[in-house]
Amino acid sequence: MKLKINICICDDDKISLDRVEDFLNRFFADKCNYSMASFQNGEDLLNYCEKNCPDVVFLDIDMPAMTGFEVAERLQMIKKNVLIIFITSYEDKVYQSWEYQPFWFVRKNHIEDLNIVLPKLFAKMEQE
């Protein structure tokens, strides 16, 4: 039986959102059954997560209205074991992100690092 993964992406920048979505589609297409939902703000993501608990969330840190850190805090109240991968242009935020125990941290200007992160994520999810 193939692994089933529920994925969410949240980034206020549509170009970044599309790039991450493209990476994920290419990586997961032949590996497992997966569903993917994309959002351009934290409030919409959290509303979705109230009814559809994701296994993993790719989350921008710097967003208007609600930061990725605020979203992560609320998200972890909804589902404690959700895996969070922060995606941001601000490298100095990596240390602040550890408060939320993310699975990984990817810089937007090095989005190709998802090629390193995704196999690790997939292996972890297969173990669980």
# chains A, B, ... in the order shown; residues from 1 in each chain; ligands from 1
call {"tool": "residues_around", "arguments": {"residues": "Gln40 in chain A", "least_positions_apart": "3", "cutoff": "9 Å", "atoms": "only C-alpha atoms", "output": "PyMOL selection string"}}
result
chain A and resi 9-14+17+43-45+63
call {"tool": "write_last_selection", "arguments": {"atoms": "N, CA, C and O atoms", "output": "mmCIF file, in the first residue's frame"}}
result
data_model
loop_
_atom_site.group_PDB
_atom_site.id
_atom_site.type_symbol
_atom_site.label_atom_id
_atom_site.label_comp_id
_atom_site.auth_asym_id
_atom_site.auth_seq_id
_atom_site.Cartn_x
_atom_site.Cartn_y
_atom_site.Cartn_z
ATOM 1 N N ILE A 9 0.897 24.164 1.634
ATOM 2 C CA ILE A 9 1.922 25.168 1.354
ATOM 3 C C ILE A 9 1.296 26.526 1.648
ATOM 4 O O ILE A 9 0.158 26.778 1.240
ATOM 5 N N CYS A 10 2.036 27.387 2.330
ATOM 6 C CA CYS A 10 1.528 28.723 2.615
ATOM 7 C C CYS A 10 2.637 29.744 2.380
ATOM 8 O O CYS A 10 3.680 29.715 3.034
ATOM 9 N N ASP A 11 2.400 30.616 1.414
ATOM 10 C CA ASP A 11 3.360 31.667 1.075
ATOM 11 C C ASP A 11 2.589 32.801 0.417
ATOM 12 O O ASP A 11 1.805 32.561 -0.510
ATOM 13 N N ASP A 12 2.795 34.018 0.884
ATOM 14 C CA ASP A 12 2.075 35.152 0.309
ATOM 15 C C ASP A 12 2.591 35.526 -1.083
ATOM 16 O O ASP A 12 1.914 36.213 -1.825
ATOM 17 N N ASP A 13 3.761 35.030 -1.451
ATOM 18 C CA ASP A 13 4.350 35.297 -2.760
ATOM 19 C C ASP A 13 3.955 34.165 -3.717
ATOM 20 O O ASP A 13 4.412 33.035 -3.582
ATOM 21 N N LYS A 14 3.101 34.471 -4.675
ATOM 22 C CA LYS A 14 2.561 33.463 -5.598
ATOM 23 C C LYS A 14 3.661 32.747 -6.388
ATOM 24 O O LYS A 14 3.571 31.535 -6.623
ATOM 25 N N LEU A 17 5.224 30.258 -4.076
ATOM 26 C CA LEU A 17 4.227 29.212 -3.845
ATOM 27 C C LEU A 17 4.201 28.232 -5.013
ATOM 28 O O LEU A 17 4.243 27.009 -4.818
ATOM 29 N N GLU A 43 -4.239 32.710 7.765
ATOM 30 C CA GLU A 43 -5.617 32.522 8.231
ATOM 31 C C GLU A 43 -6.350 31.472 7.398
ATOM 32 O O GLU A 43 -7.016 30.591 7.943
ATOM 33 N N ASP A 44 -6.189 31.544 6.081
ATOM 34 C CA ASP A 44 -6.826 30.541 5.221
ATOM 35 C C ASP A 44 -6.259 29.147 5.476
ATOM 36 O O ASP A 44 -6.994 28.161 5.504
ATOM 37 N N LEU A 45 -4.951 29.066 5.668
ATOM 38 C CA LEU A 45 -4.326 27.775 5.986
ATOM 39 C C LEU A 45 -4.909 27.211 7.277
ATOM 40 O O LEU A 45 -5.305 26.047 7.336
ATOM 41 N N MET A 63 5.137 36.950 6.320
ATOM 42 C CA MET A 63 3.864 37.195 5.630
ATOM 43 C C MET A 63 3.137 38.319 6.359
ATOM 44 O O MET A 63 3.276 38.470 7.568
#
call {"tool": "residues_around", "arguments": {"residues": "Lys108 in chain A", "least_positions_apart": "4", "cutoff": "12 Å", "atoms": "only C-alpha atoms", "output": "compact mmCIF listing (two decimals) with N, CA and C atoms, in the first residue's frame"}}
result
# COMPACT_ATOMS: atom_id res chain seq x y z
N ASP A 11 2.40 30.62 1.41
CA ASP A 11 3.36 31.67 1.08
C ASP A 11 2.59 32.80 0.42
N ASP A 13 3.76 35.03 -1.45
CA ASP A 13 4.35 35.30 -2.76
C ASP A 13 3.95 34.17 -3.72
N ILE A 15 4.69 33.45 -6.78
CA ILE A 15 5.78 32.82 -7.54
C ILE A 15 6.48 31.77 -6.69
N SER A 16 6.79 32.10 -5.44
CA SER A 16 7.41 31.14 -4.54
C SER A 16 6.48 29.96 -4.27
N LEU A 17 5.22 30.26 -4.08
CA LEU A 17 4.23 29.21 -3.85
C LEU A 17 4.20 28.23 -5.01
N ARG A 19 6.57 27.67 -7.21
CA ARG A 19 7.85 26.93 -7.31
C ARG A 19 7.88 25.75 -6.35
N VAL A 20 7.43 25.97 -5.13
CA VAL A 20 7.40 24.89 -4.14
C VAL A 20 6.41 23.81 -4.59
N PHE A 58 4.64 23.43 4.36
CA PHE A 58 5.73 24.26 3.88
C PHE A 58 5.27 25.69 4.11
N LEU A 59 5.97 26.41 4.98
CA LEU A 59 5.45 27.66 5.53
C LEU A 59 6.44 28.81 5.41
N ASP A 60 6.01 29.86 4.71
CA ASP A 60 6.79 31.09 4.63
C ASP A 60 6.78 31.75 6.01
N ILE A 61 7.86 32.40 6.37
CA ILE A 61 7.93 33.06 7.67
C ILE A 61 7.42 34.49 7.59
N ASP A 62 7.85 35.23 6.58
CA ASP A 62 7.54 36.66 6.49
C ASP A 62 6.29 36.88 5.64
N ILE A 85 8.16 22.78 7.51
CA ILE A 85 9.37 23.17 6.79
C ILE A 85 9.22 24.66 6.49
N PHE A 86 10.02 25.47 7.17
CA PHE A 86 9.97 26.91 6.95
C PHE A 86 10.71 27.25 5.66
N ILE A 87 10.12 28.14 4.90
CA ILE A 87 10.72 28.63 3.66
C ILE A 87 10.73 30.16 3.74
N THR A 88 11.91 30.76 3.60
CA THR A 88 11.99 32.21 3.75
C THR A 88 13.20 32.77 3.02
N SER A 89 13.17 34.06 2.81
CA SER A 89 14.30 34.79 2.23
C SER A 89 15.25 35.30 3.31
N TYR A 90 14.83 35.19 4.56
CA TYR A 90 15.60 35.79 5.66
C TYR A 90 16.35 34.72 6.44
N GLU A 91 17.63 34.58 6.11
CA GLU A 91 18.46 33.56 6.75
C GLU A 91 18.58 33.76 8.26
N GLU A 112 16.20 24.94 -4.57
CA GLU A 112 16.64 23.63 -5.05
C GLU A 112 17.10 22.73 -3.90
N ASP A 113 17.31 23.31 -2.71
CA ASP A 113 17.63 22.49 -1.54
C ASP A 113 16.49 21.54 -1.18
N LEU A 114 15.32 21.78 -1.73
CA LEU A 114 14.22 20.83 -1.53
C LEU A 114 14.60 19.45 -2.07
call {"tool": "select_by_dssp", "arguments": {"residues": "chain A", "states": "alpha helix (DSSP H)", "output": "ChimeraX atom specification"}}
result
/A:14-28,42-51,68-78,94-97,114-127
call {"tool": "closest_residue", "arguments": {"among": "A:Glu128, A:Thr67, A:Glu73, A:Lys31", "to": "Trp98 in chain A", "atoms": "only C-alpha atoms"}}
result
A:Glu73
call {"tool": "residues_around", "arguments": {"residues": "Arg74 in chain A", "least_positions_apart": "4", "cutoff": "12 Å", "atoms": "only C-alpha atoms", "output": "MDAnalysis selection string"}}
result
chainID A and resid 42:43 45:47 49:50 66:70 78:80 82 100
call {"tool": "select_by_dssp", "arguments": {"residues": "chain A", "states": "strand (DSSP E)", "output": "ChimeraX atom specification"}}
result
/A:4-10,33-39,56-60,83-88,104-107
call {"tool": "write_last_selection", "arguments": {"atoms": "N, CA and C atoms", "output": "PDB file, in the first residue's frame"}}
result
ATOM      1  N   LYS A   4       0.159   7.712   2.083  1.00  0.00           N
ATOM      2  CA  LYS A   4      -0.735   8.832   1.787  1.00  0.00           C
ATOM      3  C   LYS A   4      -0.273  10.029   2.598  1.00  0.00           C
ATOM      4  N   ILE A   5      -0.005  11.144   1.921  1.00  0.00           N
ATOM      5  CA  ILE A   5       0.501  12.346   2.580  1.00  0.00           C
ATOM      6  C   ILE A   5      -0.399  13.537   2.244  1.00  0.00           C
ATOM      7  N   ASN A   6      -0.785  14.265   3.281  1.00  0.00           N
ATOM      8  CA  ASN A   6      -1.576  15.484   3.119  1.00  0.00           C
ATOM      9  C   ASN A   6      -0.620  16.670   3.311  1.00  0.00           C
ATOM     10  N   ILE A   7      -0.418  17.446   2.250  1.00  0.00           N
ATOM     11  CA  ILE A   7       0.569  18.530   2.217  1.00  0.00           C
ATOM     12  C   ILE A   7      -0.133  19.882   2.105  1.00  0.00           C
ATOM     13  N   CYS A   8       0.367  20.863   2.842  1.00  0.00           N
ATOM     14  CA  CYS A   8      -0.082  22.245   2.694  1.00  0.00           C
ATOM     15  C   CYS A   8       1.130  23.136   2.437  1.00  0.00           C
ATOM     16  N   ILE A   9       0.897  24.164   1.634  1.00  0.00           N
ATOM     17  CA  ILE A   9       1.922  25.168   1.354  1.00  0.00           C
ATOM     18  C   ILE A   9       1.296  26.526   1.648  1.00  0.00           C
ATOM     19  N   CYS A  10       2.036  27.387   2.330  1.00  0.00           N
ATOM     20  CA  CYS A  10       1.528  28.723   2.615  1.00  0.00           C
ATOM     21  C   CYS A  10       2.637  29.744   2.380  1.00  0.00           C
ATOM     22  N   ASN A  33       0.645   8.420  -2.667  1.00  0.00           N
ATOM     23  CA  ASN A  33      -0.604   9.152  -2.873  1.00  0.00           C
ATOM     24  C   ASN A  33      -0.496  10.409  -2.019  1.00  0.00           C
ATOM     25  N   TYR A  34      -0.802  11.526  -2.600  1.00  0.00           N
ATOM     26  CA  TYR A  34      -0.712  12.761  -1.825  1.00  0.00           C
ATOM     27  C   TYR A  34      -1.793  13.738  -2.261  1.00  0.00           C
ATOM     28  N   SER A  35      -2.151  14.590  -1.330  1.00  0.00           N
ATOM     29  CA  SER A  35      -3.035  15.706  -1.647  1.00  0.00           C
ATOM     30  C   SER A  35      -2.273  16.967  -1.268  1.00  0.00           C
ATOM     31  N   MET A  36      -2.564  18.033  -1.986  1.00  0.00           N
ATOM     32  CA  MET A  36      -1.846  19.278  -1.753  1.00  0.00           C
ATOM     33  C   MET A  36      -2.821  20.446  -1.809  1.00  0.00           C
ATOM     34  N   ALA A  37      -2.705  21.325  -0.830  1.00  0.00           N
ATOM     35  CA  ALA A  37      -3.511  22.541  -0.794  1.00  0.00           C
ATOM     36  C   ALA A  37      -2.562  23.719  -0.593  1.00  0.00           C
ATOM     37  N   SER A  38      -2.789  24.800  -1.329  1.00  0.00           N
ATOM     38  CA  SER A  38      -1.930  25.982  -1.265  1.00  0.00           C
ATOM     39  C   SER A  38      -2.715  27.192  -0.784  1.00  0.00           C
ATOM     40  N   PHE A  39      -2.036  28.027  -0.023  1.00  0.00           N
ATOM     41  CA  PHE A  39      -2.669  29.211   0.567  1.00  0.00           C
ATOM     42  C   PHE A  39      -1.702  30.379   0.516  1.00  0.00           C
ATOM     43  N   VAL A  56       2.308  17.572   6.647  1.00  0.00           N
ATOM     44  CA  VAL A  56       3.459  18.458   6.497  1.00  0.00           C
ATOM     45  C   VAL A  56       2.997  19.797   5.938  1.00  0.00           C
ATOM     46  N   VAL A  57       3.623  20.878   6.433  1.00  0.00           N
ATOM     47  CA  VAL A  57       3.311  22.230   5.969  1.00  0.00           C
ATOM     48  C   VAL A  57       4.610  22.925   5.581  1.00  0.00           C
ATOM     49  N   PHE A  58       4.638  23.427   4.365  1.00  0.00           N
ATOM     50  CA  PHE A  58       5.731  24.263   3.876  1.00  0.00           C
ATOM     51  C   PHE A  58       5.270  25.693   4.113  1.00  0.00           C
ATOM     52  N   LEU A  59       5.972  26.414   4.981  1.00  0.00           N
ATOM     53  CA  LEU A  59       5.448  27.659   5.532  1.00  0.00           C
ATOM     54  C   LEU A  59       6.438  28.812   5.411  1.00  0.00           C
ATOM     55  N   ASP A  60       6.012  29.857   4.714  1.00  0.00           N
ATOM     56  CA  ASP A  60       6.790  31.088   4.633  1.00  0.00           C
ATOM     57  C   ASP A  60       6.781  31.748   6.008  1.00  0.00           C
ATOM     58  N   LEU A  83       4.578  18.207  10.648  1.00  0.00           N
ATOM     59  CA  LEU A  83       5.944  18.539  10.260  1.00  0.00           C
ATOM     60  C   LEU A  83       5.938  19.885   9.548  1.00  0.00           C
ATOM     61  N   ILE A  84       6.787  20.783   9.990  1.00  0.00           N
ATOM     62  CA  ILE A  84       6.850  22.126   9.406  1.00  0.00           C
ATOM     63  C   ILE A  84       8.201  22.310   8.736  1.00  0.00           C
ATOM     64  N   ILE A  85       8.155  22.782   7.511  1.00  0.00           N
ATOM     65  CA  ILE A  85       9.369  23.168   6.791  1.00  0.00           C
ATOM     66  C   ILE A  85       9.219  24.657   6.491  1.00  0.00           C
ATOM     67  N   PHE A  86      10.023  25.467   7.169  1.00  0.00           N
ATOM     68  CA  PHE A  86       9.970  26.909   6.947  1.00  0.00           C
ATOM     69  C   PHE A  86      10.708  27.250   5.659  1.00  0.00           C
ATOM     70  N   ILE A  87      10.117  28.145   4.898  1.00  0.00           N
ATOM     71  CA  ILE A  87      10.719  28.635   3.660  1.00  0.00           C
ATOM     72  C   ILE A  87      10.729  30.160   3.739  1.00  0.00           C
ATOM     73  N   THR A  88      11.913  30.758   3.597  1.00  0.00           N
ATOM     74  CA  THR A  88      11.995  32.209   3.750  1.00  0.00           C
ATOM     75  C   THR A  88      13.205  32.773   3.022  1.00  0.00           C
ATOM     76  N   TRP A 104      12.674  21.215   8.894  1.00  0.00           N
ATOM     77  CA  TRP A 104      13.776  21.775   8.099  1.00  0.00           C
ATOM     78  C   TRP A 104      13.520  23.256   7.863  1.00  0.00           C
ATOM     79  N   PHE A 105      14.514  23.906   7.273  1.00  0.00           N
ATOM     80  CA  PHE A 105      14.475  25.331   6.941  1.00  0.00           C
ATOM     81  C   PHE A 105      15.100  25.466   5.556  1.00  0.00           C
ATOM     82  N   VAL A 106      14.367  26.047   4.613  1.00  0.00           N
ATOM     83  CA  VAL A 106      14.866  26.204   3.240  1.00  0.00           C
ATOM     84  C   VAL A 106      14.835  27.685   2.880  1.00  0.00           C
ATOM     85  N   ARG A 107      15.926  28.157   2.315  1.00  0.00           N
ATOM     86  CA  ARG A 107      15.982  29.552   1.864  1.00  0.00           C
ATOM     87  C   ARG A 107      15.374  29.667   0.468  1.00  0.00           C
TER      88      ARG A 107
END
call {"tool": "atom_distance", "arguments": {"atom1": "CA of Leu3 in chain A", "atom2": "CA of Cys32 in chain A"}}
result
5.1 Å
call {"tool": "atom_distance", "arguments": {"atom1": "CA of His110 in chain A", "atom2": "CA of Glu126 in chain A"}}
result
25.8 Å
call {"tool": "residues_around", "arguments": {"residues": "Leu118 in chain A", "least_positions_apart": "6", "cutoff": "9 Å", "atoms": "only C-alpha atoms", "output": "list in words"}}
result
Leu24, Phe27 and Phe28 of chain A
call {"tool": "write_last_selection", "arguments": {"atoms": "N, CA and C atoms", "output": "tab-separated table (two decimals), in the first residue's frame"}}
result
chain	number	residue	atom	x	y	z
A	24	LEU	N	7.24	19.83	-5.30
A	24	LEU	CA	6.54	18.77	-4.59
A	24	LEU	C	5.83	17.82	-5.56
A	27	PHE	N	8.41	15.59	-7.18
A	27	PHE	CA	9.02	14.63	-6.27
A	27	PHE	C	8.04	13.52	-5.87
A	28	PHE	N	6.83	13.88	-5.48
A	28	PHE	CA	5.89	12.92	-4.92
A	28	PHE	C	5.07	12.16	-5.96
call {"tool": "atom_distance", "arguments": {"atom1": "CA of Met77 in chain A", "atom2": "CA of Pro64 in chain A"}}
result
21.1 Å
call {"tool": "closest_residue", "arguments": {"among": "A:Val71, A:Lys2, A:Gln127, A:Glu99", "to": "Asn41 in chain A", "atoms": "only C-alpha atoms"}}
result
A:Val71
call {"tool": "closest_residue", "arguments": {"among": "A:Cys53, A:Tyr48, A:Asp18, A:Phe23", "to": "Asn115 in chain A", "atoms": "only C-alpha atoms"}}
result
A:Phe23
